[in-house]
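*Asks:* Supplied in structure tokens, the structure appears directly below.
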Amino acid sequence: MNVKFDFSGKNFVLIGASSGIGRQAAIELAESGANVLAVGRNLTRLDSLKETNTQKIFIAQIDVTAASQDDWQAAFTDFVGKVGKIDGGVYSAGIVGLTPLNSFDRELAHKIFDTSFWGMINFMQTAAKKKFSNAGSSFVLMSSLAADFGTKSLFAYSAAKAAVKAAVKPIAKEIIRNRHRVNTVSPAMVKTDMLGNITYESEVTEEEIARYLLGLGKAEDISGMILFLLSDRAAWITGQNFSLDGGYLLN
Ligand SMILES: NC(=O)c1ccc[n+]([C@@H]2O[C@H](COP(=O)([O-])OP(=O)(O)OC[C@H]3O[C@@H](n4cnc5c(N)ncnc54)[C@H](OP(=O)(O)O)[C@@H]3O)[C@@H](O)[C@H]2O)c1
């Protein structure tokens, strides 16, 4: 069975759309009829994403660790001016890096947190405003299985992803005033550029991979859940977390 969504006439903003899970979700949303504002830092990769659907995909170069509220407002004002108010968004920006407690790299640890957590807060603050989003908008934020299960030297990443998962509940209670919904998705290991990060990859042993009953994840294993949560079929779901792990925790 091939489940398709119809997002014709809908508009979404995707942060961290130049690669991996965000890119896959952007492509599928555009294929399903939505206008998509794809945000990231790497213009070459954003341009290559736009090439997949020049009519539906718009791009904006934003570094979430450096963007001011004015930068966010400007990006939303421009997109909303072109296509109309948004119907939701996905925050998929994230970086991973090993920072052993004993000698941790303070700058890297803060950057990991700023990218996954504070960037998300700035995004949500802007995106949930009435002037930018239609009532009933749906948002999906990326947490991780790492929020609950520790890997050595990954405290900054685990803490940042746990913060995202914790923040979703109060945020859900606040944005319901505009009938908006927000949920988190927590994947285990998914084969994207992130997994290719040299230091991170070195922690991924054969034994670890063998625990995945369904093998390591692919970006499209996660984008299906993202599209579902953005859709009206998820209209009664807010403030929840969805773990997608390919059977990892069973084993
Ligand atoms: N892959 C996994 O195993 C896995 C597992 C659990 C959770 N996750 C989470 O899922 C999300 C997507 O991960 P992925 O696997 O798709 O990783 P990815 O392929 O490395 O993509 C990460 C995205 O984040 C963007 N990004 C990073 N820093 C940014 C910044 N400062 N400003 C703006 N954009 C920034 C990147 O864009 P630019 O480089 O263009 O800036 C890229 O589009 C992340 O939040 C990650 O933590 C991944």
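Numbering starts fresh at 1 for the residues of each chain in the structure tokens, the chains themselves are lettered A, B, ... in the order given, and ligands are numbered from 1 as they appear.
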Which residues of chain A sit at most 6 Å from ligand 1, using only C-alpha atoms and all ligand atoms? Give each one's shortest atom pair and distance in Å (one decimal place), in chain and ascending residue order, as a tab-separated table.
*Replies:*
residue	atom	partner	partner_atom_place_in_ligand_line	distance
A:Gly16	CA	ligand 1	43 (O)	3.4
A:Ala17	CA	ligand 1	43 (O)	4.4
A:Ser18	CA	ligand 1	43 (O)	3.8
A:Ser19	CA	ligand 1	43 (O)	4.1
A:Gly20	CA	ligand 1	16 (O)	3.3
A:Ile21	CA	ligand 1	16 (O)	3.8
A:Gly22	CA	ligand 1	16 (O)	5.6
A:Gly40	CA	ligand 1	34 (N)	3.9
A:Arg41	CA	ligand 1	41 (O)	3.5
A:Asn42	CA	ligand 1	40 (O)	3.6
A:Ile62	CA	ligand 1	33 (C)	5.6
A:Asp63	CA	ligand 1	32 (N)	3.5
A:Val64	CA	ligand 1	32 (N)	3.9
A:Thr65	CA	ligand 1	31 (N)	4.9
A:Ser92	CA	ligand 1	11 (C)	4.3
A:Ala93	CA	ligand 1	24 (O)	3.3
A:Gly94	CA	ligand 1	45 (O)	3.6
A:Ile95	CA	ligand 1	27 (C)	5.4
A:Thr115	CA	ligand 1	31 (N)	5.4
A:Ser116	CA	ligand 1	45 (O)	5.9
A:Met142	CA	ligand 1	45 (O)	5.0
A:Ser143	CA	ligand 1	7 (C)	5.7
A:Ser144	CA	ligand 1	6 (C)	4.0
A:Ser186	CA	ligand 1	6 (C)	5.9
A:Pro187	CA	ligand 1	6 (C)	4.3
A:Ala188	CA	ligand 1	5 (C)	4.8
A:Met189	CA	ligand 1	3 (O)	3.4
A:Val190	CA	ligand 1	3 (O)	3.7
A:Lys191	CA	ligand 1	1 (N)	5.7
A:Thr192	CA	ligand 1	15 (O)	4.7
A:Asp193	CA	ligand 1	19 (O)	4.2
A:Met194	CA	ligand 1	20 (O)	3.8
A:Leu195	CA	ligand 1	1 (N)	5.4
*Asks:* Got a sec: who's within 12 Å of A:Leu214, counting only C-alpha atoms, leaving out chain neighbours fewer than 4 positions off, as a PDB file with C-alpha atoms, in the first residue's frame?
*Replies:*
ATOM      1  CA  ALA A 188      17.282   5.937  16.467  1.00  0.00           C
ATOM      2  CA  MET A 189      20.120   5.749  13.907  1.00  0.00           C
ATOM      3  CA  VAL A 190      19.173   6.891  10.421  1.00  0.00           C
ATOM      4  CA  ILE A 209      23.856  -2.173  14.216  1.00  0.00           C
ATOM      5  CA  ALA A 210      22.847  -5.819  14.767  1.00  0.00           C
ATOM      6  CA  LYS A 218      16.496   5.692   6.052  1.00  0.00           C
ATOM      7  CA  ASP A 221      11.344   5.926   7.327  1.00  0.00           C
ATOM      8  CA  LEU A 244      11.028   5.375  15.552  1.00  0.00           C
ATOM      9  CA  ASP A 245      13.737   2.794  16.149  1.00  0.00           C
ATOM     10  CA  GLY A 246      13.525  -0.099  13.677  1.00  0.00           C
ATOM     11  CA  GLY A 247      13.076  -2.529  16.567  1.00  0.00           C
ATOM     12  CA  TYR A 248      16.284  -1.409  18.313  1.00  0.00           C
ATOM     13  CA  LEU A 249      14.810  -1.245  21.811  1.00  0.00           C
ATOM     14  CA  LEU A 250      13.222  -4.698  21.525  1.00  0.00           C
ATOM     15  CA  ASN A 251      16.630  -6.252  21.098  1.00  0.00           C
TER      16      ASN A 251
END
*Asks:* Just the residues within 9 Å of stretch 98-103 of chain A, please, counting only C-alpha atoms, with nothing from its chain fewer than 4 positions along; format it as a ChimeraX atom specification.
*Replies:* /A:108-109,152-157,199-200
*Asks:* Find the spatial neighbours of A:Lys130, counting only C-alpha atoms, within a cut-off of 9 Å - ignore same-chain residues fewer than 3 positions away - and output them as a PDB file with N, CA and C atoms, in the first residue's frame.
*Replies:*
ATOM      1  N   LYS A  85      -0.118  32.525   4.536  1.00  0.00           N
ATOM      2  CA  LYS A  85       0.310  32.050   5.858  1.00  0.00           C
ATOM      3  C   LYS A  85       0.650  30.556   5.828  1.00  0.00           C
ATOM      4  N   ALA A 127       7.185  31.189  14.194  1.00  0.00           N
ATOM      5  CA  ALA A 127       6.253  30.425  13.356  1.00  0.00           C
ATOM      6  C   ALA A 127       4.844  30.382  13.934  1.00  0.00           C
ATOM      7  N   SER A 133       0.985  32.223  10.769  1.00  0.00           N
ATOM      8  CA  SER A 133       0.459  30.856  10.643  1.00  0.00           C
ATOM      9  C   SER A 133      -1.060  30.808  10.752  1.00  0.00           C
ATOM     10  N   ASN A 134      -1.659  29.980   9.910  1.00  0.00           N
ATOM     11  CA  ASN A 134      -3.106  29.760   9.966  1.00  0.00           C
ATOM     12  C   ASN A 134      -3.467  28.997  11.235  1.00  0.00           C
ATOM     13  N   ALA A 135      -4.670  29.233  11.762  1.00  0.00           N
ATOM     14  CA  ALA A 135      -5.145  28.466  12.917  1.00  0.00           C
ATOM     15  C   ALA A 135      -5.118  26.986  12.562  1.00  0.00           C
ATOM     16  N   ASN A 178      -3.995  29.238  19.402  1.00  0.00           N
ATOM     17  CA  ASN A 178      -4.225  29.434  17.956  1.00  0.00           C
ATOM     18  C   ASN A 178      -4.641  28.123  17.282  1.00  0.00           C
TER      19      ASN A 178
END
*Asks:* Excluding same-chain residues fewer than 3 positions from A:Val83, what lies within 9 Å of it counting only C-alpha atoms, as a ChimeraX atom specification?
*Replies:* /A:9-11,35,78-80,86
*Asks:* Since we have the selection now, will you write its residues out, keeping C-alpha atoms, as an mmCIF file, in the first residue's frame?
*Replies:*
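Okay, this is what ended up in out.cif:
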data_model
loop_
_atom_site.group_PDB
_atom_site.id
_atom_site.type_symbol
_atom_site.label_atom_id
_atom_site.label_comp_id
_atom_site.auth_asym_id
_atom_site.auth_seq_id
_atom_site.Cartn_x
_atom_site.Cartn_y
_atom_site.Cartn_z
ATOM 1 C CA GLY A 9 -2.762 24.751 -1.056
ATOM 2 C CA LYS A 10 -0.758 24.276 2.182
ATOM 3 C CA ASN A 11 2.485 26.009 3.114
ATOM 4 C CA ASN A 35 4.722 25.143 -0.932
ATOM 5 C CA ASP A 78 9.067 37.021 2.610
ATOM 6 C CA PHE A 79 7.638 33.467 2.336
ATOM 7 C CA VAL A 80 4.182 34.396 3.655
ATOM 8 C CA ILE A 86 1.915 28.758 6.800
#
*Asks:* When you look at stretch 163-177 of chain A with a cut-off of 6 Å (counting only C-alpha atoms), what residues show up, excluding the ones that are within fewer than 4 positions of it in the same chain? I need them as an MDAnalysis selection string.
*Replies:* chainID A and resid 117 143 182 239
*Asks:* Write down as a short mmCIF file (atom, residue, chain, number, x, y, z; two decimals) with C-alpha atoms, in the first residue's frame the residues of stretch 39-159 of chain A whose backbone DSSP state falls under strand (DSSP E).
*Replies:*
data_model
loop_
_atom_site.label_atom_id
_atom_site.label_comp_id
_atom_site.auth_asym_id
_atom_site.auth_seq_id
_atom_site.Cartn_x
_atom_site.Cartn_y
_atom_site.Cartn_z
CA VAL A 39 16.06 26.55 5.35
CA GLY A 40 19.69 25.66 5.98
CA ILE A 57 10.34 24.74 -3.12
CA PHE A 58 11.60 28.12 -1.93
CA ILE A 59 14.91 28.45 -0.12
CA ALA A 60 16.42 30.68 2.57
CA GLN A 61 19.94 30.61 3.94
CA ILE A 86 1.91 28.76 6.80
CA ASP A 87 0.09 25.61 7.92
CA GLY A 88 2.99 24.31 9.97
CA GLY A 89 6.63 23.42 9.91
CA VAL A 90 9.39 21.02 10.77
CA TYR A 91 12.47 21.78 12.83
CA SER A 133 0.46 30.86 10.64
CA ASN A 134 -3.11 29.76 9.97
CA ALA A 135 -5.15 28.47 12.92
CA GLY A 136 -4.66 24.72 13.27
CA SER A 137 -1.06 24.68 12.06
CA SER A 138 1.00 21.60 12.91
CA PHE A 139 4.67 21.54 13.90
CA VAL A 140 7.11 18.64 14.18
CA LEU A 141 10.38 18.94 16.12
CA MET A 142 13.26 16.47 15.93
#
*Asks:* Taking into account only C-alpha atoms, which residue in the set A:Thr184, A:Thr238, A:Val13, A:Val204 is nearest to A:Phe132?
*Replies:*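 Among A:Thr184, A:Thr238, A:Val13, A:Val204, it is A:Val13 that comes nearest to A:Phe132.
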*Asks:* Could you pull out the helix (DSSP H, G or I) residues of stretch 95-247 of chain A, going by DSSP on the backbone, and write them as an mmCIF file with N, CA and C atoms, in the first residue's frame?
*Replies:*
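As a result, part_8.cif now contains:
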data_model
loop_
_atom_site.group_PDB
_atom_site.id
_atom_site.type_symbol
_atom_site.label_atom_id
_atom_site.label_comp_id
_atom_site.auth_asym_id
_atom_site.auth_seq_id
_atom_site.Cartn_x
_atom_site.Cartn_y
_atom_site.Cartn_z
ATOM 1 N N LEU A 101 33.087 14.205 28.828
ATOM 2 C CA LEU A 101 32.940 15.062 30.004
ATOM 3 C C LEU A 101 34.287 15.554 30.542
ATOM 4 N N ASN A 102 35.249 14.656 30.551
ATOM 5 C CA ASN A 102 36.547 14.939 31.153
ATOM 6 C C ASN A 102 37.286 16.098 30.487
ATOM 7 N N SER A 103 37.075 16.247 29.182
ATOM 8 C CA SER A 103 37.823 17.286 28.457
ATOM 9 C C SER A 103 36.915 17.895 27.407
ATOM 10 N N ARG A 106 33.829 23.092 25.025
ATOM 11 C CA ARG A 106 32.719 23.944 25.457
ATOM 12 C C ARG A 106 32.003 24.573 24.257
ATOM 13 N N GLU A 107 32.802 25.014 23.297
ATOM 14 C CA GLU A 107 32.207 25.692 22.130
ATOM 15 C C GLU A 107 31.320 24.727 21.343
ATOM 16 N N LEU A 108 31.839 23.507 21.141
ATOM 17 C CA LEU A 108 31.062 22.505 20.397
ATOM 18 C C LEU A 108 29.798 22.128 21.171
ATOM 19 N N ALA A 109 29.946 21.928 22.481
ATOM 20 C CA ALA A 109 28.789 21.534 23.297
ATOM 21 C C ALA A 109 27.687 22.594 23.209
ATOM 22 N N HIS A 110 28.071 23.867 23.271
ATOM 23 C CA HIS A 110 27.080 24.942 23.183
ATOM 24 C C HIS A 110 26.459 24.997 21.789
ATOM 25 N N LYS A 111 27.283 24.750 20.777
ATOM 26 C CA LYS A 111 26.767 24.801 19.398
ATOM 27 C C LYS A 111 25.743 23.682 19.160
ATOM 28 N N ILE A 112 26.038 22.516 19.724
ATOM 29 C CA ILE A 112 25.094 21.390 19.603
ATOM 30 C C ILE A 112 23.760 21.793 20.238
ATOM 31 N N PHE A 113 23.831 22.399 21.414
ATOM 32 C CA PHE A 113 22.607 22.794 22.121
ATOM 33 C C PHE A 113 21.887 23.922 21.380
ATOM 34 N N ASP A 114 22.650 24.911 20.927
ATOM 35 C CA ASP A 114 22.041 26.048 20.219
ATOM 36 C C ASP A 114 21.334 25.582 18.945
ATOM 37 N N THR A 115 21.935 24.630 18.253
ATOM 38 C CA THR A 115 21.368 24.188 16.969
ATOM 39 C C THR A 115 20.069 23.425 17.184
ATOM 40 N N SER A 116 20.092 22.448 18.089
ATOM 41 C CA SER A 116 18.892 21.623 18.272
ATOM 42 C C SER A 116 17.823 22.300 19.114
ATOM 43 N N PHE A 117 18.251 23.050 20.155
ATOM 44 C CA PHE A 117 17.249 23.564 21.098
ATOM 45 C C PHE A 117 16.925 25.047 20.897
ATOM 46 N N TRP A 118 17.904 25.937 21.079
ATOM 47 C CA TRP A 118 17.565 27.368 21.044
ATOM 48 C C TRP A 118 17.127 27.816 19.654
ATOM 49 N N GLY A 119 17.692 27.203 18.621
ATOM 50 C CA GLY A 119 17.229 27.507 17.258
ATOM 51 C C GLY A 119 15.758 27.140 17.109
ATOM 52 N N MET A 120 15.396 25.979 17.690
ATOM 53 C CA MET A 120 14.000 25.527 17.637
ATOM 54 C C MET A 120 13.077 26.520 18.358
ATOM 55 N N ILE A 121 13.534 27.011 19.525
ATOM 56 C CA ILE A 121 12.712 27.961 20.292
ATOM 57 C C ILE A 121 12.491 29.241 19.471
ATOM 58 N N ASN A 122 13.558 29.739 18.862
ATOM 59 C CA ASN A 122 13.418 30.959 18.051
ATOM 60 C C ASN A 122 12.480 30.722 16.866
ATOM 61 N N PHE A 123 12.631 29.553 16.246
ATOM 62 C CA PHE A 123 11.758 29.199 15.116
ATOM 63 C C PHE A 123 10.297 29.149 15.560
ATOM 64 N N MET A 124 10.035 28.428 16.661
ATOM 65 C CA MET A 124 8.654 28.266 17.112
ATOM 66 C C MET A 124 8.047 29.596 17.535
ATOM 67 N N GLN A 125 8.861 30.442 18.162
ATOM 68 C CA GLN A 125 8.338 31.736 18.610
ATOM 69 C C GLN A 125 7.801 32.532 17.419
ATOM 70 N N THR A 126 8.541 32.478 16.321
ATOM 71 C CA THR A 126 8.122 33.221 15.124
ATOM 72 C C THR A 126 7.003 32.493 14.385
ATOM 73 N N ALA A 127 7.185 31.189 14.194
ATOM 74 C CA ALA A 127 6.253 30.425 13.356
ATOM 75 C C ALA A 127 4.844 30.382 13.934
ATOM 76 N N LEU A 145 16.347 9.313 19.970
ATOM 77 C CA LEU A 145 16.385 8.251 20.978
ATOM 78 C C LEU A 145 17.512 8.522 21.979
ATOM 79 N N ALA A 146 18.508 9.300 21.526
ATOM 80 C CA ALA A 146 19.641 9.659 22.401
ATOM 81 C C ALA A 146 19.192 10.478 23.606
ATOM 82 N N ALA A 147 17.969 11.034 23.552
ATOM 83 C CA ALA A 147 17.448 11.786 24.703
ATOM 84 C C ALA A 147 17.257 10.864 25.904
ATOM 85 N N PHE A 155 26.913 13.682 25.826
ATOM 86 C CA PHE A 155 26.014 14.337 26.788
ATOM 87 C C PHE A 155 25.366 15.600 26.219
ATOM 88 N N ALA A 156 26.108 16.363 25.424
ATOM 89 C CA ALA A 156 25.547 17.628 24.914
ATOM 90 C C ALA A 156 24.390 17.331 23.960
ATOM 91 N N TYR A 157 24.606 16.375 23.068
ATOM 92 C CA TYR A 157 23.562 16.008 22.102
ATOM 93 C C TYR A 157 22.350 15.408 22.827
ATOM 94 N N SER A 158 22.602 14.465 23.742
ATOM 95 C CA SER A 158 21.493 13.834 24.473
ATOM 96 C C SER A 158 20.687 14.878 25.238
ATOM 97 N N ALA A 159 21.387 15.801 25.903
ATOM 98 C CA ALA A 159 20.699 16.820 26.708
ATOM 99 C C ALA A 159 19.903 17.763 25.815
ATOM 100 N N ALA A 160 20.467 18.135 24.678
ATOM 101 C CA ALA A 160 19.761 19.042 23.760
ATOM 102 C C ALA A 160 18.480 18.383 23.244
ATOM 103 N N LYS A 161 18.574 17.094 22.912
ATOM 104 C CA LYS A 161 17.402 16.396 22.365
ATOM 105 C C LYS A 161 16.359 16.132 23.463
ATOM 106 N N ALA A 162 16.835 15.892 24.707
ATOM 107 C CA ALA A 162 15.902 15.733 25.827
ATOM 108 C C ALA A 162 15.186 17.058 26.088
ATOM 109 N N ALA A 163 15.916 18.166 25.924
ATOM 110 C CA ALA A 163 15.313 19.491 26.134
ATOM 111 C C ALA A 163 14.207 19.737 25.105
ATOM 112 N N VAL A 164 14.439 19.333 23.873
ATOM 113 C CA VAL A 164 13.414 19.503 22.832
ATOM 114 C C VAL A 164 12.163 18.718 23.219
ATOM 115 N N LYS A 165 12.380 17.467 23.641
ATOM 116 C CA LYS A 165 11.245 16.596 23.988
ATOM 117 C C LYS A 165 10.488 17.126 25.204
ATOM 118 N N ALA A 166 11.215 17.702 26.157
ATOM 119 C CA ALA A 166 10.554 18.243 27.358
ATOM 120 C C ALA A 166 9.787 19.520 27.031
ATOM 121 N N ALA A 167 10.361 20.344 26.161
ATOM 122 C CA ALA A 167 9.757 21.654 25.872
ATOM 123 C C ALA A 167 8.463 21.522 25.064
ATOM 124 N N VAL A 168 8.301 20.393 24.385
ATOM 125 C CA VAL A 168 7.151 20.273 23.485
ATOM 126 C C VAL A 168 5.822 20.339 24.257
ATOM 127 N N LYS A 169 5.829 19.864 25.497
ATOM 128 C CA LYS A 169 4.550 19.831 26.244
ATOM 129 C C LYS A 169 4.091 21.237 26.631
ATOM 130 N N PRO A 170 4.943 22.040 27.307
ATOM 131 C CA PRO A 170 4.506 23.421 27.577
ATOM 132 C C PRO A 170 4.221 24.211 26.313
ATOM 133 N N ILE A 171 5.010 23.996 25.266
ATOM 134 C CA ILE A 171 4.763 24.752 24.027
ATOM 135 C C ILE A 171 3.394 24.366 23.453
ATOM 136 N N ALA A 172 3.078 23.063 23.516
ATOM 137 C CA ALA A 172 1.770 22.606 23.006
ATOM 138 C C ALA A 172 0.637 23.304 23.751
ATOM 139 N N LYS A 173 0.816 23.470 25.072
ATOM 140 C CA LYS A 173 -0.240 24.119 25.872
ATOM 141 C C LYS A 173 -0.361 25.598 25.545
ATOM 142 N N GLU A 174 0.746 26.228 25.152
ATOM 143 C CA GLU A 174 0.689 27.655 24.821
ATOM 144 C C GLU A 174 0.091 27.899 23.440
ATOM 145 N N ILE A 175 0.516 27.124 22.467
ATOM 146 C CA ILE A 175 0.113 27.455 21.088
ATOM 147 C C ILE A 175 -1.281 26.942 20.733
ATOM 148 N N ILE A 176 -1.897 26.207 21.672
ATOM 149 C CA ILE A 176 -3.261 25.751 21.412
ATOM 150 C C ILE A 176 -4.216 26.951 21.317
ATOM 151 N N ARG A 177 -3.783 28.097 21.856
ATOM 152 C CA ARG A 177 -4.646 29.297 21.751
ATOM 153 C C ARG A 177 -4.905 29.645 20.277
ATOM 154 N N ASN A 178 -3.995 29.238 19.402
ATOM 155 C CA ASN A 178 -4.225 29.434 17.956
ATOM 156 C C ASN A 178 -4.641 28.123 17.282
ATOM 157 N N ASP A 193 23.770 12.176 6.344
ATOM 158 C CA ASP A 193 25.109 12.767 6.500
ATOM 159 C C ASP A 193 25.530 12.787 7.959
ATOM 160 N N MET A 194 24.533 12.953 8.857
ATOM 161 C CA MET A 194 24.854 13.031 10.285
ATOM 162 C C MET A 194 25.566 11.770 10.758
ATOM 163 N N LEU A 195 25.105 10.630 10.280
ATOM 164 C CA LEU A 195 25.699 9.364 10.697
ATOM 165 C C LEU A 195 27.119 9.232 10.151
ATOM 166 N N GLY A 196 27.385 9.959 9.063
ATOM 167 C CA GLY A 196 28.722 9.922 8.463
ATOM 168 C C GLY A 196 29.723 10.788 9.219
ATOM 169 N N ILE A 198 32.465 11.754 11.308
ATOM 170 C CA ILE A 198 33.547 10.803 11.575
ATOM 171 C C ILE A 198 33.622 10.357 13.035
ATOM 172 N N THR A 199 33.561 11.321 13.952
ATOM 173 C CA THR A 199 33.699 10.929 15.358
ATOM 174 C C THR A 199 32.490 10.125 15.825
ATOM 175 N N TYR A 200 31.321 10.524 15.358
ATOM 176 C CA TYR A 200 30.088 9.853 15.764
ATOM 177 C C TYR A 200 30.074 8.428 15.209
ATOM 178 N N GLU A 201 30.473 8.312 13.936
ATOM 179 C CA GLU A 201 30.447 7.004 13.280
ATOM 180 C C GLU A 201 31.324 5.991 14.022
ATOM 181 N N GLU A 206 29.446 -2.803 15.017
ATOM 182 C CA GLU A 206 28.680 -3.874 14.351
ATOM 183 C C GLU A 206 27.604 -4.427 15.290
ATOM 184 N N GLU A 207 27.998 -4.556 16.558
ATOM 185 C CA GLU A 207 27.084 -5.100 17.570
ATOM 186 C C GLU A 207 25.856 -4.183 17.716
ATOM 187 N N GLU A 208 26.131 -2.899 17.690
ATOM 188 C CA GLU A 208 25.066 -1.911 17.821
ATOM 189 C C GLU A 208 24.107 -2.021 16.615
ATOM 190 N N ILE A 209 24.676 -2.106 15.441
ATOM 191 C CA ILE A 209 23.856 -2.173 14.216
ATOM 192 C C ILE A 209 23.001 -3.444 14.213
ATOM 193 N N ALA A 210 23.569 -4.538 14.747
ATOM 194 C CA ALA A 210 22.847 -5.819 14.767
ATOM 195 C C ALA A 210 21.584 -5.752 15.627
ATOM 196 N N ALA A 219 16.032 8.022 5.593
ATOM 197 C CA ALA A 219 15.305 9.288 5.796
ATOM 198 C C ALA A 219 13.802 9.106 5.554
ATOM 199 N N GLU A 220 13.454 8.267 4.571
ATOM 200 C CA GLU A 220 12.022 8.098 4.259
ATOM 201 C C GLU A 220 11.267 7.308 5.329
ATOM 202 N N ASP A 221 12.005 6.601 6.200
ATOM 203 C CA ASP A 221 11.344 5.926 7.327
ATOM 204 C C ASP A 221 10.840 6.955 8.340
ATOM 205 N N ILE A 222 11.453 8.112 8.367
ATOM 206 C CA ILE A 222 11.085 9.155 9.328
ATOM 207 C C ILE A 222 10.112 10.167 8.691
ATOM 208 N N SER A 223 10.315 10.444 7.407
ATOM 209 C CA SER A 223 9.489 11.484 6.770
ATOM 210 C C SER A 223 8.015 11.079 6.733
ATOM 211 N N GLY A 224 7.730 9.763 6.676
ATOM 212 C CA GLY A 224 6.333 9.315 6.661
ATOM 213 C C GLY A 224 5.610 9.759 7.926
ATOM 214 N N MET A 225 6.278 9.587 9.068
ATOM 215 C CA MET A 225 5.686 10.016 10.345
ATOM 216 C C MET A 225 5.547 11.539 10.383
ATOM 217 N N ILE A 226 6.525 12.234 9.843
ATOM 218 C CA ILE A 226 6.469 13.705 9.840
ATOM 219 C C ILE A 226 5.257 14.171 9.029
ATOM 220 N N LEU A 227 5.080 13.608 7.832
ATOM 221 C CA LEU A 227 3.944 14.039 6.999
ATOM 222 C C LEU A 227 2.619 13.705 7.681
ATOM 223 N N PHE A 228 2.558 12.538 8.319
ATOM 224 C CA PHE A 228 1.331 12.173 9.038
ATOM 225 C C PHE A 228 1.016 13.211 10.119
ATOM 226 N N LEU A 229 2.024 13.558 10.929
ATOM 227 C CA LEU A 229 1.790 14.511 12.023
ATOM 228 C C LEU A 229 1.425 15.903 11.505
ATOM 229 N N LEU A 230 1.902 16.255 10.331
ATOM 230 C CA LEU A 230 1.546 17.558 9.745
ATOM 231 C C LEU A 230 0.125 17.546 9.186
ATOM 232 N N ASP A 232 -4.044 16.447 8.561
ATOM 233 C CA ASP A 232 -5.289 16.470 9.343
ATOM 234 C C ASP A 232 -5.593 15.119 9.989
ATOM 235 N N ARG A 233 -4.974 14.041 9.507
ATOM 236 C CA ARG A 233 -5.209 12.729 10.119
ATOM 237 C C ARG A 233 -4.640 12.668 11.538
ATOM 238 N N ALA A 234 -3.812 13.645 11.871
ATOM 239 C CA ALA A 234 -3.226 13.698 13.220
ATOM 240 C C ALA A 234 -3.846 14.833 14.033
#
